[in-house]
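Asks: Here's a structure for you.
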Amino acid sequence: MRKALLYIFIFSLFLTGCNETNNLLKSSDYDYKYEAAKQLYAEGHYNSASYLLQNVLTAMKGSSKGEECLYLLGLTSLKSKNYDAASTYFKKYNETYPKGIYAEEAKFNTGMALYLGTPEPKLDQTATYQAVNQFQQFLDAYPGSHLRENAQQCIFELQDKLVEKQYLNAKLYYDLGSYIGNGVNGNYEACIITAENAIKDFPYTKRREDLAYLVLKAKFDYAHNSVAQKQEERFNDAIDEYYGFLNEYPESKYLKDAKDYYDKTPIAYKRSTNN
């Protein structure tokens with residue numbers, strides 16, 4: 001009879017919306033509300049399920065259902081795309097039930113919530129670093145997990161986003177060129193440092209060639225715009241960069257453009273490399 005009443009409630013909830021939810025929230029039968037929330041979750045009505053679970057969580061604390069209730073709150077938030085709330089609930093679960101039956105999944109889903117909430121590359125990437133760190137914590141805690149490959153793949157994708165941010169920053173510095181807001185040649189120096197750091201931090205990135213070409217361009221332009229007493233040293237550095245680029249990317253899509261940069265180098269500074 002109780003189960004039948006529950007299904008009647010769920011059906012009426014679909015028909016009448018929030019009024020039925022509000023009526024149920026007034027009930028003191030927390031077990032009934034909890035079962036209704038689980039049924040709503042099973043049916044894919046995550047926002048309604050989350051609303052009810054939040055209402056019963058305190059009452060369920062300390063009971064056999066309290067652990068599952070907290071974990072379900074994380075899941076409903078994750079599936080309703082409320083990623084900040086999801087990560088908070090999953091973290092709270094791991095803090096409250098470090099040896100709980102959902103501890104492994106909660107640890108992984110904390111990372112997943114952060115991963116899904118990361119912004120596009122042109123924006124601040126603090127959340128992306130947090131997501132990488134969380135997945136790494138998961139891998140350290142559960143090295144043999146069946147979710148290991150999923151976590152590693154997410155880390156790779158997050159790293160791609162971090163590299164893309166670095167590439168966009170380096171490209172912006174290069175595009176600003178000799179604009180004196182960052183000092184004479186400051187933008188070229190910033191481009192070189194940013195791109196080289198990205199290559200160092202993420203040596204296997206798919207953006208490696210693009211970053212290397214940015215370094216090459218910036219070094220040649222840096223030399224061209226330098227004062228006379230600094231040009232020889234900086235052109236020689238740019239020439240070294242050119243030959244290093246040819247060696248690493250003999251079939252690069254940038255070969256013609258790279259050669260154009262080299263060909264524009266004053267003859268005096270080519271001599272030391274050719275001899």
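As shown in the structure tokens, the chain order sets the letters A, B, ...; within each chain, residues go from 1, and ligands are also counted from 1 in the order they appear.
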For the interface of segment 57-145 of chain A with segment 31-40 of chain A (cut-off 9 Å, counting only C-alpha atoms), please tabulate each contacting residue of segment 57-145 of chain A alongside its nearest pair of atoms and their separation in Å to one decimal, rows sorted by chain and increasing number, as CSV.
Replies:
residue,atom,partner,partner_atom,distance
A:Leu57,CA,A:Tyr34,CA,8.9
A:Met60,CA,A:Asp31,CA,8.5
A:Lys65,CA,A:Tyr34,CA,8.9
A:Cys69,CA,A:Tyr34,CA,8.0
A:Leu72,CA,A:Lys38,CA,8.2
Asks: Would you save the residues of that selection, restricted to N, CA, C and O atoms, as a PDB file, in the first residue's frame?
Replies:
ATOM      1  N   LEU A  57      18.110  15.437   4.468  1.00  0.00           N
ATOM      2  CA  LEU A  57      19.494  15.071   4.778  1.00  0.00           C
ATOM      3  C   LEU A  57      19.796  15.127   6.273  1.00  0.00           C
ATOM      4  O   LEU A  57      20.369  14.193   6.836  1.00  0.00           O
ATOM      5  N   MET A  60      18.230  12.337   8.161  1.00  0.00           N
ATOM      6  CA  MET A  60      18.806  11.035   7.857  1.00  0.00           C
ATOM      7  C   MET A  60      20.201  10.857   8.464  1.00  0.00           C
ATOM      8  O   MET A  60      20.720   9.746   8.522  1.00  0.00           O
ATOM      9  N   LYS A  65      20.494   5.317   6.223  1.00  0.00           N
ATOM     10  CA  LYS A  65      20.210   5.969   4.945  1.00  0.00           C
ATOM     11  C   LYS A  65      20.979   7.285   4.754  1.00  0.00           C
ATOM     12  O   LYS A  65      20.981   7.840   3.658  1.00  0.00           O
ATOM     13  N   CYS A  69      22.007   9.058   1.212  1.00  0.00           N
ATOM     14  CA  CYS A  69      21.334  10.334   0.949  1.00  0.00           C
ATOM     15  C   CYS A  69      22.343  11.399   0.526  1.00  0.00           C
ATOM     16  O   CYS A  69      22.123  12.132  -0.449  1.00  0.00           O
ATOM     17  N   LEU A  72      23.678  10.591  -2.945  1.00  0.00           N
ATOM     18  CA  LEU A  72      22.664  10.883  -3.955  1.00  0.00           C
ATOM     19  C   LEU A  72      22.530  12.387  -4.203  1.00  0.00           C
ATOM     20  O   LEU A  72      22.258  12.816  -5.323  1.00  0.00           O
TER      21      LEU A  72
END
Asks: Quick one: pick out all helix (DSSP H, G or I) residues within segment 195-226 of chain A from a backbone DSSP run and write them as a PyMOL selection string.
Replies: chain A and resi 195-201+208-224
Asks: Atoms to include: N, CA and C atoms. Write the selected residues as a PDB file, in the first residue's frame.
Replies:
ATOM      1  N   ALA A 195      55.587  30.665 -23.873  1.00  0.00           N
ATOM      2  CA  ALA A 195      55.563  29.511 -24.769  1.00  0.00           C
ATOM      3  C   ALA A 195      56.575  28.455 -24.334  1.00  0.00           C
ATOM      4  N   GLU A 196      57.763  28.879 -23.946  1.00  0.00           N
ATOM      5  CA  GLU A 196      58.780  27.913 -23.513  1.00  0.00           C
ATOM      6  C   GLU A 196      58.367  27.205 -22.227  1.00  0.00           C
ATOM      7  N   ASN A 197      57.727  27.915 -21.318  1.00  0.00           N
ATOM      8  CA  ASN A 197      57.242  27.284 -20.086  1.00  0.00           C
ATOM      9  C   ASN A 197      56.163  26.257 -20.377  1.00  0.00           C
ATOM     10  N   ALA A 198      55.294  26.565 -21.343  1.00  0.00           N
ATOM     11  CA  ALA A 198      54.242  25.617 -21.710  1.00  0.00           C
ATOM     12  C   ALA A 198      54.842  24.333 -22.285  1.00  0.00           C
ATOM     13  N   ILE A 199      55.852  24.479 -23.131  1.00  0.00           N
ATOM     14  CA  ILE A 199      56.520  23.301 -23.701  1.00  0.00           C
ATOM     15  C   ILE A 199      57.208  22.493 -22.604  1.00  0.00           C
ATOM     16  N   LYS A 200      57.830  23.194 -21.657  1.00  0.00           N
ATOM     17  CA  LYS A 200      58.514  22.520 -20.555  1.00  0.00           C
ATOM     18  C   LYS A 200      57.527  21.780 -19.662  1.00  0.00           C
ATOM     19  N   ASP A 201      56.409  22.428 -19.340  1.00  0.00           N
ATOM     20  CA  ASP A 201      55.427  21.835 -18.428  1.00  0.00           C
ATOM     21  C   ASP A 201      54.622  20.726 -19.086  1.00  0.00           C
ATOM     22  N   ARG A 208      52.630  21.661 -29.234  1.00  0.00           N
ATOM     23  CA  ARG A 208      54.076  21.859 -29.118  1.00  0.00           C
ATOM     24  C   ARG A 208      54.652  22.588 -30.340  1.00  0.00           C
ATOM     25  N   GLU A 209      54.291  22.144 -31.544  1.00  0.00           N
ATOM     26  CA  GLU A 209      54.818  22.764 -32.754  1.00  0.00           C
ATOM     27  C   GLU A 209      54.389  24.227 -32.865  1.00  0.00           C
ATOM     28  N   ASP A 210      53.129  24.507 -32.540  1.00  0.00           N
ATOM     29  CA  ASP A 210      52.626  25.883 -32.599  1.00  0.00           C
ATOM     30  C   ASP A 210      53.362  26.768 -31.604  1.00  0.00           C
ATOM     31  N   LEU A 211      53.599  26.239 -30.419  1.00  0.00           N
ATOM     32  CA  LEU A 211      54.317  27.001 -29.403  1.00  0.00           C
ATOM     33  C   LEU A 211      55.771  27.242 -29.825  1.00  0.00           C
ATOM     34  N   ALA A 212      56.398  26.204 -30.405  1.00  0.00           N
ATOM     35  CA  ALA A 212      57.789  26.341 -30.851  1.00  0.00           C
ATOM     36  C   ALA A 212      57.914  27.395 -31.947  1.00  0.00           C
ATOM     37  N   TYR A 213      56.935  27.448 -32.838  1.00  0.00           N
ATOM     38  CA  TYR A 213      56.975  28.448 -33.908  1.00  0.00           C
ATOM     39  C   TYR A 213      56.783  29.862 -33.346  1.00  0.00           C
ATOM     40  N   LEU A 214      55.946  29.985 -32.330  1.00  0.00           N
ATOM     41  CA  LEU A 214      55.789  31.287 -31.679  1.00  0.00           C
ATOM     42  C   LEU A 214      57.116  31.753 -31.070  1.00  0.00           C
ATOM     43  N   VAL A 215      57.825  30.832 -30.436  1.00  0.00           N
ATOM     44  CA  VAL A 215      59.124  31.171 -29.864  1.00  0.00           C
ATOM     45  C   VAL A 215      60.069  31.650 -30.958  1.00  0.00           C
ATOM     46  N   LEU A 216      60.104  30.914 -32.074  1.00  0.00           N
ATOM     47  CA  LEU A 216      60.973  31.272 -33.196  1.00  0.00           C
ATOM     48  C   LEU A 216      60.653  32.676 -33.711  1.00  0.00           C
ATOM     49  N   LYS A 217      59.393  32.930 -33.994  1.00  0.00           N
ATOM     50  CA  LYS A 217      58.990  34.243 -34.499  1.00  0.00           C
ATOM     51  C   LYS A 217      59.356  35.357 -33.520  1.00  0.00           C
ATOM     52  N   ALA A 218      59.046  35.119 -32.246  1.00  0.00           N
ATOM     53  CA  ALA A 218      59.282  36.148 -31.242  1.00  0.00           C
ATOM     54  C   ALA A 218      60.774  36.451 -31.105  1.00  0.00           C
ATOM     55  N   LYS A 219      61.615  35.421 -31.219  1.00  0.00           N
ATOM     56  CA  LYS A 219      63.057  35.652 -31.084  1.00  0.00           C
ATOM     57  C   LYS A 219      63.601  36.479 -32.254  1.00  0.00           C
ATOM     58  N   PHE A 220      63.139  36.211 -33.465  1.00  0.00           N
ATOM     59  CA  PHE A 220      63.586  37.008 -34.603  1.00  0.00           C
ATOM     60  C   PHE A 220      63.103  38.456 -34.481  1.00  0.00           C
ATOM     61  N   ASP A 221      61.845  38.629 -34.132  1.00  0.00           N
ATOM     62  CA  ASP A 221      61.325  39.997 -33.995  1.00  0.00           C
ATOM     63  C   ASP A 221      61.975  40.723 -32.825  1.00  0.00           C
ATOM     64  N   TYR A 222      62.249  39.982 -31.777  1.00  0.00           N
ATOM     65  CA  TYR A 222      62.948  40.542 -30.620  1.00  0.00           C
ATOM     66  C   TYR A 222      64.317  41.088 -31.048  1.00  0.00           C
ATOM     67  N   ALA A 223      65.031  40.292 -31.851  1.00  0.00           N
ATOM     68  CA  ALA A 223      66.354  40.716 -32.326  1.00  0.00           C
ATOM     69  C   ALA A 223      66.256  41.931 -33.241  1.00  0.00           C
ATOM     70  N   HIS A 224      65.316  41.909 -34.178  1.00  0.00           N
ATOM     71  CA  HIS A 224      65.156  43.022 -35.116  1.00  0.00           C
ATOM     72  C   HIS A 224      64.864  44.333 -34.402  1.00  0.00           C
TER      73      HIS A 224
END
Asks: Which residues, written as a ChimeraX atom specification, have at least one atom at most 12 Å from Thr88 of chain A, with only C-alpha atoms counted and residues fewer than 4 positions away on the same chain left out?
Replies: /A:70-71,73-75,77-78,82-84,92-95,106-107,109-114
Asks: Taking only C-alpha atoms into account, which of A:Tyr188, A:Gln153, A:Thr194, A:Glu43 comes nearest Asn169 of chain A?
Replies: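 Among A:Tyr188, A:Gln153, A:Thr194, A:Glu43, it is A:Thr194 that comes nearest to Asn169 of chain A.
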Asks: Go through A:Asp257, A:Asp160, A:Glu105, A:Asp263 and flag the residue nearest Ile239 of chain A, using only C-alpha atoms for the distances.
Replies: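 The answer is A:Asp263, which sits nearest to Ile239 of chain A.
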Asks: Quick one: residues within 10 Å of Leu172 of chain A, only C-alpha atoms, excluding same-chain residues fewer than 3 positions away - as a list in words?
Replies: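 Once the nearby chain positions are removed, what remains is Gln166, Tyr167, Leu168, Asn169, Asp175, Leu176, Gly177, Asn187, Tyr188, Ala190 and Cys191 of chain A.
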Asks: Next, write the just-selected residues to a file, as a compact mmCIF listing (two decimals), in the first residue's frame, keeping all heavy atoms as the atom set.
Replies:
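The resulting file, result.txt, is shown below:
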# COMPACT_ATOMS: atom_id res chain seq x y z
N GLN A 166 47.81 28.77 -22.22
CA GLN A 166 49.17 29.27 -22.35
C GLN A 166 49.46 29.72 -23.79
O GLN A 166 50.12 30.74 -24.01
CB GLN A 166 50.17 28.19 -21.92
CG GLN A 166 50.12 27.83 -20.44
CD GLN A 166 50.65 28.95 -19.57
OE1 GLN A 166 49.97 29.95 -19.34
NE2 GLN A 166 51.85 28.79 -19.08
N TYR A 167 48.98 28.94 -24.74
CA TYR A 167 49.19 29.30 -26.15
C TYR A 167 48.50 30.62 -26.47
O TYR A 167 49.10 31.50 -27.13
CB TYR A 167 48.65 28.19 -27.05
CG TYR A 167 48.66 28.56 -28.51
CD1 TYR A 167 49.85 28.58 -29.24
CD2 TYR A 167 47.49 28.90 -29.18
CE1 TYR A 167 49.89 28.93 -30.58
CE2 TYR A 167 47.50 29.25 -30.52
CZ TYR A 167 48.70 29.27 -31.21
OH TYR A 167 48.72 29.63 -32.54
N LEU A 168 47.28 30.79 -26.01
CA LEU A 168 46.55 32.03 -26.27
C LEU A 168 47.25 33.22 -25.61
O LEU A 168 47.30 34.32 -26.18
CB LEU A 168 45.11 31.92 -25.76
CG LEU A 168 44.22 30.93 -26.52
CD1 LEU A 168 42.86 30.80 -25.83
CD2 LEU A 168 44.03 31.37 -27.97
N ASN A 169 47.79 33.00 -24.41
CA ASN A 169 48.53 34.07 -23.74
C ASN A 169 49.79 34.45 -24.51
O ASN A 169 50.08 35.64 -24.72
CB ASN A 169 48.92 33.64 -22.32
CG ASN A 169 47.74 33.64 -21.36
OD1 ASN A 169 46.70 34.22 -21.65
ND2 ASN A 169 47.90 32.99 -20.23
N ASP A 175 51.21 39.17 -30.58
CA ASP A 175 50.40 40.09 -31.37
C ASP A 175 50.54 41.53 -30.90
O ASP A 175 50.42 42.47 -31.69
CB ASP A 175 48.93 39.66 -31.34
CG ASP A 175 48.68 38.36 -32.11
OD1 ASP A 175 49.53 37.99 -32.94
OD2 ASP A 175 47.63 37.71 -31.87
N LEU A 176 50.77 41.71 -29.60
CA LEU A 176 50.98 43.07 -29.07
C LEU A 176 52.31 43.64 -29.55
O LEU A 176 52.48 44.85 -29.63
CB LEU A 176 50.94 43.05 -27.54
CG LEU A 176 49.56 42.87 -26.92
CD1 LEU A 176 49.68 42.66 -25.41
CD2 LEU A 176 48.65 44.05 -27.21
N GLY A 177 53.24 42.73 -29.88
CA GLY A 177 54.50 43.12 -30.50
C GLY A 177 55.27 44.17 -29.75
O GLY A 177 55.53 44.06 -28.55
N ASN A 187 56.87 42.53 -24.77
CA ASN A 187 55.87 41.56 -25.22
C ASN A 187 56.53 40.35 -25.88
O ASN A 187 56.06 39.22 -25.71
CB ASN A 187 54.88 42.22 -26.18
CG ASN A 187 53.99 43.22 -25.47
OD1 ASN A 187 53.44 42.94 -24.41
ND2 ASN A 187 53.86 44.42 -26.04
N TYR A 188 57.58 40.58 -26.65
CA TYR A 188 58.28 39.46 -27.28
C TYR A 188 58.93 38.58 -26.22
O TYR A 188 58.90 37.34 -26.31
CB TYR A 188 59.32 39.96 -28.27
CG TYR A 188 58.73 40.63 -29.50
CD1 TYR A 188 59.11 41.91 -29.88
CD2 TYR A 188 57.75 39.97 -30.26
CE1 TYR A 188 58.55 42.52 -31.00
CE2 TYR A 188 57.19 40.59 -31.37
CZ TYR A 188 57.60 41.86 -31.74
OH TYR A 188 57.04 42.46 -32.84
N ALA A 190 57.91 38.23 -23.14
CA ALA A 190 56.82 37.53 -22.45
C ALA A 190 56.29 36.37 -23.28
O ALA A 190 55.97 35.30 -22.75
CB ALA A 190 55.68 38.51 -22.14
N CYS A 191 56.20 36.57 -24.60
CA CYS A 191 55.77 35.50 -25.50
C CYS A 191 56.72 34.31 -25.41
O CYS A 191 56.30 33.16 -25.29
CB CYS A 191 55.70 36.02 -26.94
SG CYS A 191 55.40 34.73 -28.18
Asks: How many Å separate atom CA of Lys161 of chain A from atom CA of Pro121 of chain A?
Replies: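 Taking atom CA of Lys161 of chain A as the start and atom CA of Pro121 of chain A as the end point, the length is 5.6 Å.
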Asks: Have a look at atom CA of Ala151 of chain A and atom CA of Tyr204 of chain A and let me know their distance in Å, one decimal.
Replies: 18.2 Å
Asks: Could you check how far atom CA of Ile193 of chain A sits from atom CA of Leu255 of chain A, in Å to one decimal?
Replies: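 Pair atom CA of Ile193 of chain A / atom CA of Leu255 of chain A returns 22.2 Å.
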Asks: Residues at most 8 Å from Asn185 of chain A, counting only C-alpha atoms, excluding those fewer than 4 positions away in the same chain, as a JSON list (two decimals) with all heavy atoms, in the first residue's frame?
Replies:
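Saved as around.json:
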[["chain", "number", "residue", "atom", "x", "y", "z"],
["A", 177, "GLY", "N", 53.24, 42.73, -29.88],
["A", 177, "GLY", "CA", 54.50, 43.12, -30.50],
["A", 177, "GLY", "C", 55.27, 44.17, -29.75],
["A", 177, "GLY", "O", 55.53, 44.06, -28.55],
["A", 178, "SER", "N", 55.62, 45.25, -30.45],
["A", 178, "SER", "CA", 56.47, 46.29, -29.88],
["A", 178, "SER", "C", 55.68, 47.35, -29.12],
["A", 178, "SER", "O", 56.22, 48.40, -28.78],
["A", 178, "SER", "CB", 57.28, 46.98, -30.99],
["A", 178, "SER", "OG", 56.42, 47.50, -31.99],
["A", 179, "TYR", "N", 54.40, 47.07, -28.86],
["A", 179, "TYR", "CA", 53.61, 48.00, -28.04],
["A", 179, "TYR", "C", 54.34, 48.22, -26.72],
["A", 179, "TYR", "O", 54.72, 47.27, -26.03],
["A", 179, "TYR", "CB", 52.22, 47.43, -27.79],
["A", 179, "TYR", "CG", 51.41, 48.19, -26.78],
["A", 179, "TYR", "CD1", 50.94, 49.47, -27.05],
["A", 179, "TYR", "CD2", 51.11, 47.63, -25.53],
["A", 179, "TYR", "CE1", 50.20, 50.18, -26.12],
["A", 179, "TYR", "CE2", 50.37, 48.33, -24.59],
["A", 179, "TYR", "CZ", 49.91, 49.60, -24.90],
["A", 179, "TYR", "OH", 49.18, 50.30, -23.97],
["A", 180, "ILE", "N", 54.58, 49.48, -26.37],
["A", 180, "ILE", "CA", 55.48, 49.77, -25.26],
["A", 180, "ILE", "C", 54.84, 49.69, -23.89],
["A", 180, "ILE", "O", 55.48, 49.99, -22.88],
["A", 180, "ILE", "CB", 56.12, 51.17, -25.43],
["A", 180, "ILE", "CG1", 55.02, 52.26, -25.43],
["A", 180, "ILE", "CG2", 56.95, 51.23, -26.69],
["A", 180, "ILE", "CD1", 55.60, 53.67, -25.42],
["A", 189, "GLU", "N", 59.53, 39.20, -25.22],
["A", 189, "GLU", "CA", 60.12, 38.43, -24.13],
["A", 189, "GLU", "C", 59.05, 37.61, -23.41],
["A", 189, "GLU", "O", 59.26, 36.44, -23.09],
["A", 189, "GLU", "CB", 60.82, 39.35, -23.15],
["A", 189, "GLU", "CG", 62.10, 39.97, -23.66],
["A", 189, "GLU", "CD", 62.77, 40.83, -22.59],
["A", 189, "GLU", "OE1", 62.26, 41.94, -22.33],
["A", 189, "GLU", "OE2", 63.78, 40.38, -22.04],
["A", 222, "TYR", "N", 62.25, 39.98, -31.78],
["A", 222, "TYR", "CA", 62.95, 40.54, -30.62],
["A", 222, "TYR", "C", 64.32, 41.09, -31.05],
["A", 222, "TYR", "O", 64.69, 42.21, -30.70],
["A", 222, "TYR", "CB", 63.10, 39.44, -29.58],
["A", 222, "TYR", "CG", 63.73, 39.84, -28.26],
["A", 222, "TYR", "CD1", 63.56, 41.11, -27.73],
["A", 222, "TYR", "CD2", 64.49, 38.92, -27.55],
["A", 222, "TYR", "CE1", 64.12, 41.45, -26.51],
["A", 222, "TYR", "CE2", 65.06, 39.25, -26.33],
["A", 222, "TYR", "CZ", 64.87, 40.51, -25.81],
["A", 222, "TYR", "OH", 65.44, 40.85, -24.60],
["A", 225, "ASN", "N", 64.15, 44.26, -33.29],
["A", 225, "ASN", "CA", 63.74, 45.47, -32.58],
["A", 225, "ASN", "C", 64.68, 45.85, -31.44],
["A", 225, "ASN", "O", 64.39, 46.77, -30.68],
["A", 225, "ASN", "CB", 62.32, 45.29, -32.03],
["A", 225, "ASN", "CG", 61.26, 45.34, -33.12],
["A", 225, "ASN", "OD1", 60.86, 46.41, -33.56],
["A", 225, "ASN", "ND2", 60.82, 44.17, -33.56],
["A", 226, "SER", "N", 65.80, 45.13, -31.33],
["A", 226, "SER", "CA", 66.75, 45.42, -30.25],
["A", 226, "SER", "C", 67.71, 46.54, -30.64],
["A", 226, "SER", "O", 67.91, 46.84, -31.83],
["A", 226, "SER", "CB", 67.57, 44.15, -29.94],
["A", 226, "SER", "OG", 66.75, 43.13, -29.42]]
Asks: For each of A:Glu120, A:Glu164, A:Glu104, A:Gln231, take the minimum atom-to-atom distance to Ala141 of chain A, counting only C-alpha atoms, then give the residue where this is smallest.
Replies: A:Glu104
Asks: Pick out the residues sitting within 7 Å of Leu139 of chain A, and hand them over as an MDAnalysis selection string; count only C-alpha atoms, and ignore anything fewer than 4 positions along from it in its own chain.
Replies: chainID A and resid 135 143 148
Asks: Pull N, CA and C atoms from the residues just selected and write them as a short mmCIF file (atom, residue, chain, number, x, y, z; two decimals), in the first residue's frame.
Replies:
data_model
loop_
_atom_site.label_atom_id
_atom_site.label_comp_id
_atom_site.auth_asym_id
_atom_site.auth_seq_id
_atom_site.Cartn_x
_atom_site.Cartn_y
_atom_site.Cartn_z
N PHE A 135 41.71 14.82 -9.56
CA PHE A 135 41.85 13.53 -10.23
C PHE A 135 43.16 12.85 -9.84
N PRO A 143 44.78 3.49 -6.89
CA PRO A 143 45.59 3.19 -8.09
C PRO A 143 45.05 2.03 -8.93
N ARG A 148 40.18 4.32 -13.22
CA ARG A 148 41.51 4.90 -13.42
C ARG A 148 41.68 5.49 -14.82
#
